[in-house]
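Q: The structure's right below; bear with me while I get my questions together.
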Amino acid sequence: MKKLVLIGGGGHGKVVLDVMRGQGDYELAGIGDDKYTHSFRQDGILHGPVANMAELLRDDDCRLFIAIGNNRTRHTVMERLGYPESRYAVLIHPRATLGSGVTIGGGTVVMPGAVINHGARIGAQCIINTGAIVEHENTLGSFVHISPSAALAGDVTVGDGTHIGLGAKVIEGLMIGGWSTLGAGAVAAHDIPAQCTAVGVPAKPIKYADQPDQLA
């Protein structure tokens, strides 16, 4: 098995670790998180600040995974680390369902019960969370989070950095703009602009990123 360094030791990191163990392709070598003030080994696994994981990553066969739920933070950490997409693992829980012709970018996790159907294209550093449905021929950019029980009908396009909230729905053929948020339980019946927060049934934008009180 290849070794894996996990960046992020919080709640999302623990769930990602369960997916890694279920997949069975990787052995955990280290957990990097800046909550640690120094490095130490526990059960043979290196724990320490993110910068201290470099010693493990000198091995070209060692893979990396950013287990941080926030899309913008995940993007920032990837830029800070500077490793190419090819160094990142793809983690898929054995109880997820993938159709034919699906492509998945490096650093993406697919949680248990998720369904990704025929021809869907999933970008790098995405989270396809528990029980989410990504239907046929969807295209998801990078740093996208599809929350638990959210569902995207066929031929939907989701821009980079977008968060589809818990239980939200997107009607067939729509475009959800980059770095936007579709609120929990919302139903997108029309295209959603980039860099906005949209809520309700049908979903309507209530806030744009250039407003002073934008959500983090």
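Letters A, B, ... mark the chains of the structure tokens in the order given; residue numbers begin at 1 per chain; ligand numbers begin at 1, in order shown.
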Could you list, with a cut-off of 12 Å and counting only C-alpha atoms, the residues of segment 98-152 of chain A near segment 181-184 of chain A, each shown with its nearest atom pair and the distance in Å rounded to one decimal, rows sorted by chain and ascending number, as a tab-separated table?

A:
residue	atom	partner	partner_atom	distance
A:Val144	CA	A:Thr181	CA	10.0
A:His145	CA	A:Thr181	CA	9.6
A:Ile146	CA	A:Leu182	CA	9.8
A:Ser147	CA	A:Ala184	CA	8.6
A:Pro148	CA	A:Ala184	CA	9.8
A:Ser149	CA	A:Ala184	CA	10.0
A:Ala150	CA	A:Ala184	CA	8.5
A:Ala151	CA	A:Ala184	CA	11.5
A:Leu152	CA	A:Leu182	CA	11.7

Q: Which parts of segment 37-115 of chain A does DSSP call strand (DSSP E) when run on the backbone here, written out as JSON, numbers by chain?

A: {"A": [40, 41, 42, 45, 46, 47, 48, 63, 64, 65, 66, 91, 92, 97, 98, 103, 104, 109, 110, 115]}

Q: Between A:Ile122, A:Ile171, A:Val110, A:Val16, single out the one closest to Pro94 of chain A, counting only C-alpha atoms.

A: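 With only C-alpha atoms as the atom set, the closest residue is A:Val110.
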
Q: From a backbone DSSP assignment, name each residue in chain A labelled helix (DSSP H, G or I), as a ChimeraX atom specification.

A: /A:11-23,50-57,71-81,85-87

Q: Can you tell me, as an NGL selection string, what residues are no more than 7 Å from Asp155 of chain A when counting only C-alpha atoms, ignoring any on the same chain fewer than 3 positions away?

A: :A and (136-138 or 172-173)

Q: Find the spatial neighbours of segment 58-65 of chain A, counting only C-alpha atoms, within a cut-off of 7 Å - ignore same-chain residues fewer than 4 positions away - and output them as a list in words.

A: Lys2, Lys3, Leu4, Val5, Leu6, Ile7, Ala54, Arg87, Tyr88, Ala89 and Gly107 of chain A

Q: List as number ranges by chain the protein and nucleic acid residues near Tyr208 of chain A, meaning an atom at most 9 Å away when only C-alpha atoms are counted, but skip any in the same chain fewer than 4 places from it.

A: A: 180, 194-197, 214

Q: For the residues in the current selection, export N, CA and C atoms as an mmCIF file, in the first residue's frame.

A:
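Just written: part-v9.cif:
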data_model
loop_
_atom_site.group_PDB
_atom_site.id
_atom_site.type_symbol
_atom_site.label_atom_id
_atom_site.label_comp_id
_atom_site.auth_asym_id
_atom_site.auth_seq_id
_atom_site.Cartn_x
_atom_site.Cartn_y
_atom_site.Cartn_z
ATOM 1 N N SER A 180 -20.132 30.102 -5.269
ATOM 2 C CA SER A 180 -21.453 30.433 -4.749
ATOM 3 C C SER A 180 -21.861 29.410 -3.697
ATOM 4 N N ALA A 194 -22.553 33.485 -10.093
ATOM 5 C CA ALA A 194 -21.318 33.253 -9.351
ATOM 6 C C ALA A 194 -21.264 34.136 -8.110
ATOM 7 N N GLN A 195 -20.559 33.660 -7.117
ATOM 8 C CA GLN A 195 -20.206 34.408 -5.908
ATOM 9 C C GLN A 195 -21.428 34.986 -5.190
ATOM 10 N N CYS A 196 -22.462 34.157 -5.095
ATOM 11 C CA CYS A 196 -23.628 34.596 -4.340
ATOM 12 C C CYS A 196 -24.089 33.483 -3.415
ATOM 13 N N THR A 197 -24.933 33.835 -2.455
ATOM 14 C CA THR A 197 -25.635 32.871 -1.623
ATOM 15 C C THR A 197 -27.096 32.891 -2.044
ATOM 16 N N GLN A 214 -20.379 39.588 3.691
ATOM 17 C CA GLN A 214 -20.369 38.314 3.018
ATOM 18 C C GLN A 214 -20.002 37.201 3.994
#

Q: Tell me which of A:Ala168, A:Glu135, A:Ala189, A:Thr162 sits closest to Arg72 of chain A, counting only C-alpha atoms.

A: A:Thr162

Q: Applying 10 Å and only C-alpha atoms, which residues near Ala124 of chain A remain after dropping the ones on its own chain fewer than 2 positions away? List them as a ChimeraX atom specification.

A: /A:85-86,88,90,104-109,121-122,126-127,140-144,160

Q: Can you work out the spacing between atom CA of Val19 of chain A and atom CA of Gly161 of chain A in Å, to one decimal?

A: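 Pair atom CA of Val19 of chain A / atom CA of Gly161 of chain A returns 22.1 Å.
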
Q: Report, in Å to a single decimal, how far apart atom CA of Pro84 of chain A and atom CA of Gln125 of chain A are.

A: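 For atom CA of Gln125 of chain A relative to atom CA of Pro84 of chain A, the distance reads 11.7 Å.
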
Q: Quick one, how far is atom CA of His47 of chain A from atom CA of Thr130 of chain A?

A: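 These two atoms are separated by 27.0 Å.
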